[in-house]
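Novice: I have a structure here, written as structure tokens, and I will follow up with some questions on it.
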Amino acid sequence: MDRTTRTDTGEPHGTSPLRQAIDLLVGYRRVVGIVTLLTVAATLVFVFSATPRYTAESLVLIEPNKLNVTEFKDVYDPTTRSGADQREFIETQCKLMLSRPVLRQVFDRFDFGAHARFAGAADPVAAFQDLFSVERVRNTRLARVTFEWTEPEMAARALSQVVKTYIEEYRRRRLGVTVDGLGALRRKAADLRPTVEAKARALQSFMAEHNMVSLEENHDIINERLKETNANLTGIEAARIALESRCRSIREALDGKRSVTDLPEVMQSELIRELKVELTKLAQLEADYTDRFGDRHPEMRRIRSNVETLEVRIQREIEGILAGVTADLDRVRTQQGDLEAALSKQERLVMEQNRLSVRYSMLKDTYASTNASYRSIIKRIEEIEIASAAGTKEDNVFEIAAPKVPGQPSFPRKREALLMALFAGLVLGVGVSLLLHGLDGTVKSVDEVEGDLGLPVLGQVPALPAGADELHAVDEPTGYFAESFRSVRTALGFAAAGAPLRRILVTSASPSEGKDVTSINVAITLAQSGKRVLLIDCDLRRPRQHNVFALPLAPGLSNLLAEDGDRSALEFVHRTPVDGFSVLTAGPIPPNPVELLSSSRMRERLDELEQHFDVLLINSPPVMAVSDPVVLTELVHGTVVVLRGYSTRRDDARRMIELLRRSGARLLGSILNQVDAPKRRGVGYADYRNYAYYRATDEVATDRSATTKRASVSFRTPAAEATEKARFEG
Amino acid sequence: MIDLHAHVLPGLDDGPRTIRDALALLRQMADQGITTVVATPHMRDGHYDVTVDQMHREVERVNRAAVDEEIPVTVLPGGEVALVPDVSEAIRCGTVPSLGALGRYVLIEMPFQNVPVGVRQVLFAVQLQGVTPVLAHPERSFPIQRVPSSIEPFVQAGALVQINAASLVGQGGKDAERTAVRLLERGLVHVVASDAHDAVERPCLLGAARDRLVRLVGAEEAYRLVRDRPLRILEGRPFKQPRPRGKALWWKRVLGN
């Protein structure tokens, strides 16, 4: 059927894409709700079962500008200060901050290796590294370092240590000492230390052993003594030599080899001098006597014997002197021997002393030199350490904010996670809705029915409001529900134009699509427009119409068809509270409805009833289930199909249409049921009410003759109508 | 309670032999709280061909005897009509009685061995006369025991279903009990009656059955089964029969459809 033949049903809804989307989502609100709820519930479970992790954060300032360009040459220090190089420098530092050696130190220091998290890791340090992140804060010289860990205190401590280690490392690099260099120094110091100590000990024990507290002093005393002894010895030697020569002289004198007078000691003796004088005198006398008395003179003889006596006495005297001198010589000799012994002893002492002092100074020297190099290493280490710990004036890496112990876990963030879950759930829900909508083969909109099925839509009617019965249109004639059916009535009027339309079949594809409510309300609106309407319940399988009007099922149509009696068909017809609207119930349920409906009796009875009514509205079982409706199409002028929005499958509807067309039915169009979008739209509702009201008041005038008891009670007062109308028009 | 199906008339069928036996049964019923019982002797079943007149005579005699014996149970006329092809004709001619002799409901006995092909046509014919068939103890019928839901078309076509108290309490065998419970669960049962034959061999068990029903379907529905609906039937009034319901899927029950 051509789209251009679409009947104007007074369709009040806009079908803008936005509207459609909103309607669709409203229709799928339960799906959206469930998906959202599930997502949130799953997130809740996850959030409350996951082990919380804490992120410590530290800010490090890296200032490339402070560098002294001339001093640093390696890659860590830029040679130029262009922005790109600065960035590069900062980024290099960022990488170095989390470099393996730095993290390795921290990893070992806090014994992370023992932690279960790194138990199975092939490369624990790499896994450890993954827990860190560093990034340059945009447009600043700051680097933000973070560390995520399950214990908040440890997160802060480890991060703090990483930054500290990095800064120390950095300073060391600037000092030209790497960790390895410092390590080598430390090792060397450690190696030297025992040597130094050994040397000191050797020196000390040597000094103790040799009582060398006053070694120098001792040395002097010994030397002094040696000198003295030497001097003494020299004196004694001289004395001895003198004595020996005197001795020799004296002996020579005794032997007569030399004159006694040459001998001072002899001459010094008074006695000898006197004896000599006497001797001289005697010699004088002798010489005198010899010349006067001759030799034989007794005087001569006495003189001579006196001379001899004097000579002997001199001899003896000299011998005495000699003895004295010899005694002196002997004493001096003994003395010399003693001195010589003493000297040689002292000389030995001095030699010993010299030997000791040589060893001592050797020990002292090696100790001093070892100690000196040890000291220098220690000093260097200290210098480096002080420099790297305290930093120097030209320091250009600082920890701006030391990591605090994080109070809130960074993972999972409950509120954010739940908000995310809510949002994701909503998005997912909408997605699922769209998917379901795509997969859903049910009819939903007028466009769909007219477009896809090529079936004109006579009207779009809402579901019965909750709590309302099937006669809702009678109870609330100004409502949207009643208004929708009046639209259908109007559309039917147009559809009938040019051909008699006194027998109308109402059917649907499947059960429970709203045939009963639809046919009853179409009948009511037709009756309200002044027509005499008979609704025939031709659903001989599951009749329901009698329940609506609280009528007995039997007797009814099946009696009319099965009995041969000549009772008038009218006898079986029930009047309803709605003027002009009568009902023929189904009657006892026959085992063979098709047979009954296709019997000639059926045609006869319909002809009979048509004489009493303007419209025969025939309600049938669903097309897809049984062939009753196909049989019935031969008996009617037009067929109306009821489609239930969001329920009737497009395929079913298509098959139904095909079946009906093949059986030669004249398809008037469809009524789209249970599409009550306006009711769901809070804002738009009032407008539709007014609209409905407008239409209602418009038609109530013509319907007044057909008004029913039920309908009349709910009409408004003329005054209320007037104000309502005024508001609408104003 | 009102017992719609019981053999209380002496000497007519396989019910009580003597008036004494009949009174003993009535006394038993009174003890269980039954105030009214419809006498339903076998009609046209081939063995016992009780006539309507016979039935009426016996009802009157038993009622009189009950009054004499001060048994507070009223016996109403009725009959258990065998399902024969011309049953609707028999109803029209009045050769078989309706429940309470009101011409609105007829107790029809389901055959045990099989459900004949034309049964629905026969029942339709009965219904065309404005008479509603009440199917007696289908739970004892083998085809129904095999496929309990096969009773559904009858119910949909407007027939009512009566099951036996004895079946419900297990006295009719396991299959009958199982089928009875199944039918109850599916909402395919309208009336529960005793089908008592005497006070000893096949006694009235409606009291016990009612207790079981309370547990099975709740007190409200239990009393509908043994009191309200039988009363409505004996008043000759129509009632909206409960829509048979399939076994609800669990998620539909949870989500409320």
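Just remember, in the structure tokens the first chain shown is A, the second B, etc., residues are 1-based per chain, and ligands are 1-based in the order shown.
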Write out as a PyMOL selection string all residues of range 21-234 of chain B that backbone DSSP assigns to alpha helix (DSSP H).

Specialist: chain B and resi 21-31+52-68+87-93+119-128+142-146+152-156+165-168+174-185+206-217+219-223+229-234

Novice: Mind listing as a ChimeraX atom specification which residues of chain A are within 12 Å of chain B, counting only C-alpha atoms?

Specialist: /A:30,539-544,546-548,550-565,586-593

Novice: Now that the selection is made, can you save its residues with C-alpha atoms as a short mmCIF file (atom, residue, chain, number, x, y, z; two decimals), in the first residue's frame?

Specialist:
data_model
loop_
_atom_site.label_atom_id
_atom_site.label_comp_id
_atom_site.auth_asym_id
_atom_site.auth_seq_id
_atom_site.Cartn_x
_atom_site.Cartn_y
_atom_site.Cartn_z
CA ARG A 30 13.39 -1.28 32.76
CA ASP A 539 -14.12 -16.02 19.09
CA LEU A 540 -15.72 -19.37 19.64
CA ARG A 541 -12.52 -20.68 21.20
CA ARG A 542 -11.82 -18.29 23.99
CA PRO A 543 -14.76 -15.96 24.19
CA ARG A 544 -14.38 -13.03 26.51
CA HIS A 546 -19.61 -11.68 27.84
CA ASN A 547 -17.34 -11.18 30.83
CA VAL A 548 -16.95 -7.49 30.06
CA ALA A 550 -21.26 -9.57 32.95
CA LEU A 551 -23.45 -11.54 30.56
CA PRO A 552 -23.83 -15.31 30.43
CA LEU A 553 -21.69 -16.90 27.79
CA ALA A 554 -24.58 -19.02 26.67
CA PRO A 555 -26.84 -18.87 24.92
CA GLY A 556 -25.15 -17.04 22.16
CA LEU A 557 -23.77 -17.27 18.65
CA SER A 558 -23.05 -21.00 18.76
CA ASN A 559 -26.67 -21.65 19.73
CA LEU A 560 -27.75 -19.57 16.77
CA LEU A 561 -25.56 -21.60 14.48
CA ALA A 562 -25.99 -25.10 15.90
CA GLU A 563 -29.65 -25.18 16.69
CA ASP A 564 -32.28 -25.63 14.07
CA GLY A 565 -34.81 -23.73 16.08
CA ALA A 586 -20.28 -16.56 21.81
CA GLY A 587 -22.50 -19.22 23.33
CA PRO A 588 -21.27 -22.63 24.35
CA ILE A 589 -17.87 -23.34 22.94
CA PRO A 590 -18.24 -25.68 20.04
CA PRO A 591 -15.67 -28.32 19.16
CA ASN A 592 -15.71 -27.19 15.54
CA PRO A 593 -15.87 -23.40 15.26
#

Novice: What is the distance, in Å and to one decimal place, between CA of Ile250 in chain A and CA of Leu322 in chain A?

Specialist: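 Interatomic distance, CA of Ile250 in chain A to CA of Leu322 in chain A: 6.1 Å.
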
Novice: Using only C-alpha atoms, which residues sit within 8 Å of range 232-234 of chain A once same-chain residues fewer than 3 positions away are excluded, as an MDAnalysis selection string?

Specialist: chainID A and resid 228:229 237:238 336 339:340

Novice: Mind listing the strand (DSSP E) residues of range 25-156 of chain B, per DSSP on the backbone, as a count of residues only?

Specialist: 22

Novice: When distances are computed from only C-alpha atoms, which of B:Glu220, B:Asp31, B:Glu139, B:Asp14 shows the smallest separation from Glu177 in chain B?

Specialist: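 Ranked by minimum distance to Glu177 in chain B, first place goes to B:Glu139.
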
Novice: Can you tell me, as a VMD selection string, what residues are no more than 9 Å from Ala176 in chain B when counting only C-alpha atoms, ignoring any on the same chain fewer than 3 positions away?

Specialist: chain B and resid 138 to 142 145 167 to 168 170 to 173 179 to 181

Novice: Find the distance between CA of Ala625 in chain A and CA of Ser510 in chain A and write it in Å to one decimal.

Specialist: 6.7 Å
